[in-house]
>>> print(open('start-v8.txt').read())   # compact mmCIF, C-alpha atoms and all ligand atoms
# COMPACT_ATOMS: atom_id res chain seq x y z
CA MET T 1 -32.91 10.98 25.38
CA LYS T 2 -30.70 8.58 23.53
CA LYS T 3 -26.98 8.86 24.01
CA ILE T 4 -25.01 9.28 20.84
CA PRO T 5 -22.58 6.38 20.82
CA LYS T 6 -18.98 7.54 20.82
CA LYS T 7 -17.10 6.15 17.89
CA VAL T 8 -14.52 3.82 19.33
CA VAL T 9 -11.63 3.12 17.04
CA ASN T 10 -9.56 0.12 17.92
CA TYR T 11 -6.17 1.52 17.01
CA ARG T 12 -4.42 -1.53 18.49
CA LYS T 13 -6.23 -3.61 15.90
CA ILE T 14 -5.30 -1.11 13.19
CA TYR T 15 -1.66 -1.37 14.23
CA GLU T 16 -1.75 -5.16 14.07
CA GLN T 17 -3.58 -5.26 10.77
CA GLU T 18 -1.32 -2.69 9.12
CA THR T 19 1.94 -4.19 10.34
CA GLY T 20 0.88 -7.83 10.29
CA PHE T 21 2.50 -8.30 13.70
CA PRO T 22 0.80 -8.85 17.06
CA ILE T 23 1.42 -6.25 19.76
CA PRO T 24 3.36 -7.95 22.57
CA GLU T 25 1.63 -8.28 25.92
CA GLY T 26 2.18 -5.27 28.15
CA TRP T 27 2.74 -2.91 25.26
CA ASP T 28 0.71 0.18 24.36
CA VAL T 29 0.04 1.91 21.08
CA HIS T 30 1.00 5.59 21.13
CA HIS T 31 -0.26 8.36 18.82
CA ILE T 32 2.86 10.17 17.71
CA ASP T 33 1.23 13.54 16.97
CA GLY T 34 -0.92 13.31 20.11
CA ASP T 35 -4.12 13.20 18.04
CA ARG T 36 -6.01 10.08 19.03
CA ALA T 37 -8.29 10.46 16.03
CA ASN T 38 -5.34 10.14 13.65
CA ASN T 39 -5.03 6.39 13.30
CA ASN T 40 -2.86 6.38 10.22
CA ILE T 41 -0.27 3.66 10.70
CA LEU T 42 2.52 6.25 10.38
CA ASN T 43 1.06 8.01 13.43
CA LEU T 44 1.02 4.85 15.55
CA VAL T 45 3.90 3.23 17.40
CA ALA T 46 3.82 0.23 19.72
CA LEU T 47 5.83 0.84 22.90
CA PRO T 48 6.45 -1.15 26.06
CA SER T 49 4.02 0.35 28.62
CA GLU T 50 6.77 1.50 30.94
CA LEU T 51 8.52 3.45 28.20
CA HIS T 52 5.18 4.86 27.04
CA GLN T 53 4.44 6.16 30.55
CA GLN T 54 7.93 7.57 30.81
CA TYR T 55 7.50 9.33 27.48
CA HIS T 56 4.32 11.09 28.58
CA ASN T 57 5.88 12.13 31.87
CA VAL T 58 8.98 13.64 30.30
CA ALA T 59 7.02 15.14 27.39
CA LYS T 60 4.82 17.00 29.87
CA ASN T 61 7.89 18.40 31.61
CA GLU T 62 9.52 19.22 28.29
CA CYS T 63 6.47 21.31 27.34
CA TYR T 64 6.46 23.03 30.70
CA TYR T 65 10.11 24.03 30.58
CA SER T 66 10.13 24.88 26.89
CA ASN T 67 7.19 27.24 27.35
CA SER T 68 8.46 28.78 30.57
CA GLY T 69 10.31 31.55 28.74
CA MET T 70 13.50 30.86 30.64
CA LYS T 71 16.53 32.82 29.58
CA PRO T 72 19.91 31.18 28.96
CA GLU T 73 21.67 33.88 30.99
CA GLU T 74 19.94 32.54 34.07
CA GLU T 75 22.48 29.76 33.92
CA GLN T 76 24.94 32.22 35.44
CA MET T 77 22.81 32.70 38.51
CA THR T 78 23.64 29.34 40.00
CA ASP T 79 22.47 30.07 43.54
CA SER T 80 19.34 31.92 42.50
CA GLU T 81 15.82 30.70 41.90
CA GLY T 82 16.37 31.24 38.18
CA GLY T 83 19.54 29.23 38.19
CA ARG T 84 17.98 26.27 39.92
CA PHE T 85 15.05 26.40 37.54
CA TYR T 86 17.44 26.50 34.59
CA ASP T 87 19.35 23.49 35.92
CA GLU T 88 16.14 21.60 36.45
CA ALA T 89 14.95 22.48 32.96
CA ILE T 90 18.18 21.32 31.32
CA ASN T 91 18.07 18.03 33.21
CA GLU T 92 14.46 17.46 32.15
CA LEU T 93 15.29 18.23 28.54
CA ILE T 94 18.17 15.75 28.63
CA LYS T 95 15.81 13.12 30.05
CA PHE T 96 13.28 13.91 27.34
CA GLN T 97 15.87 13.48 24.60
CA GLU T 98 16.97 10.14 26.01
CA VAL T 99 13.41 8.77 26.25
CA HIS T 100 12.59 10.20 22.83
CA ARG T 101 15.64 8.46 21.39
CA GLN T 102 14.48 5.13 22.84
CA CYS T 103 10.99 5.62 21.40
CA ARG T 104 12.49 6.28 17.95
CA LYS T 105 13.77 2.71 17.92
CA TYR T 106 10.20 1.46 18.06
CA VAL T 107 9.27 3.71 15.15
CA ASP T 108 12.07 1.96 13.26
CA VAL T 109 10.59 -1.40 14.28
CA ARG T 110 7.21 -0.31 12.92
CA ASN T 111 8.78 0.85 9.67
CA TYR T 112 10.54 -2.46 9.36
CA GLN T 113 7.28 -4.32 10.02
CA ILE T 114 5.40 -2.28 7.41
CA GLY T 115 8.13 -2.84 4.85
CA GLU T 116 8.26 -6.58 5.45
CA GLU T 117 4.51 -6.92 5.29
CA ARG T 118 4.31 -4.96 2.07
CA MET T 119 6.94 -7.18 0.49
CA HIS T 120 4.98 -10.30 1.47
CA GLN T 121 1.97 -8.89 -0.32
CA LEU T 122 3.88 -8.49 -3.56
CA LYS T 123 3.45 -11.64 -5.52
CA GLY T 124 4.38 -13.13 -8.86
CA ASP T 125 4.72 -10.83 -11.83
CA LEU T 126 4.55 -7.63 -9.83
CA LEU T 127 7.44 -8.66 -7.58
CA ARG T 128 9.47 -9.88 -10.58
CA GLU T 129 8.89 -6.59 -12.36
CA ILE T 130 10.04 -4.62 -9.32
CA ILE T 131 13.16 -6.75 -9.02
CA ARG T 132 13.80 -6.36 -12.77
CA ARG T 133 13.71 -2.57 -12.35
CA GLY T 134 16.09 -2.78 -9.45
CA GLY T 135 13.53 -1.89 -6.80
CA VAL T 136 14.44 -4.75 -4.51
CA LYS T 137 18.06 -5.27 -3.59
ZN ZN K 1 0.86 7.94 24.21
>>> encode(input="start-v8.txt", output="structure tokens")
Amino acid sequence: MKKIPKKVVNYRKIYEQETGFPIPEGWDVHHIDGDRANNNILNLVALPSELHQQYHNVAKNECYYSNSGMKPEEEQMTDSEGGRFYDEAINELIKFQEVHRQCRKYVDVRNYQIGEERMHQLKGDLLREIIRRGGVK
């Protein structure tokens, strides 16, 4: 029986084509919504591998603690199991926010790259018309 070939999408190539910038060595391309089939450029972000790994680690913990049904009042029980868990959860959520904030910078980089590339593609009359209408400052 013949194996059905799995459709391999080179999303790194898509990222480079869409942004017009090469992905630096040692960087990964991350799917923002977690859906690896969604290779729309707005769903892709290039991240340094280390940060990418970090993101997935903290995101996993964030999910775990967010879905654990912990109650805020457990904060009071500082020497109890619940209190320790609450502390742990808060620390993980802080870590997640910090890593998430760092990743956002790379989304900004991508947006900048897309914008630049699009402007390069605008030539002649079209660009003049956009400038005339005040579209480019
Ligand atoms: Zn990822």
>>> atom_distance(input="start-v8.txt", atom1="CA of Ala46 in chain T", atom2="CA of Tyr112 in chain T")
12.6 Å
>>> residues_near_ligand(input="start-v8.txt", ligand="ligand ZN 1 (chain K)", cutoff="9 Å", atoms="only C-alpha atoms and all ligand atoms", output="ChimeraX atom specification")
/T:28-32,34,36,45,47,52-53,55-56
>>> closest_residue(input="start-v8.txt", among="T:Glu16, T:Glu25, T:Asp35, T:Glu62", to="Lys95 in chain T", atoms="only C-alpha atoms")
T:Glu62
>>> closest_residue(input="start-v8.txt", among="T:Cys63, T:Gly83, T:Ile14, T:Ser68", to="Phe96 in chain T", atoms="all atoms listed in the file")
T:Cys63
>>> atom_distance(input="start-v8.txt", atom1="CA of Tyr15 in chain T", atom2="CA of Asp108 in chain T")
14.2 Å
>>> closest_residue(input="start-v8.txt", among="T:Arg133, T:Arg101, T:Arg12, T:Lys60", to="Ala89 in chain T", atoms="only C-alpha atoms")
T:Lys60
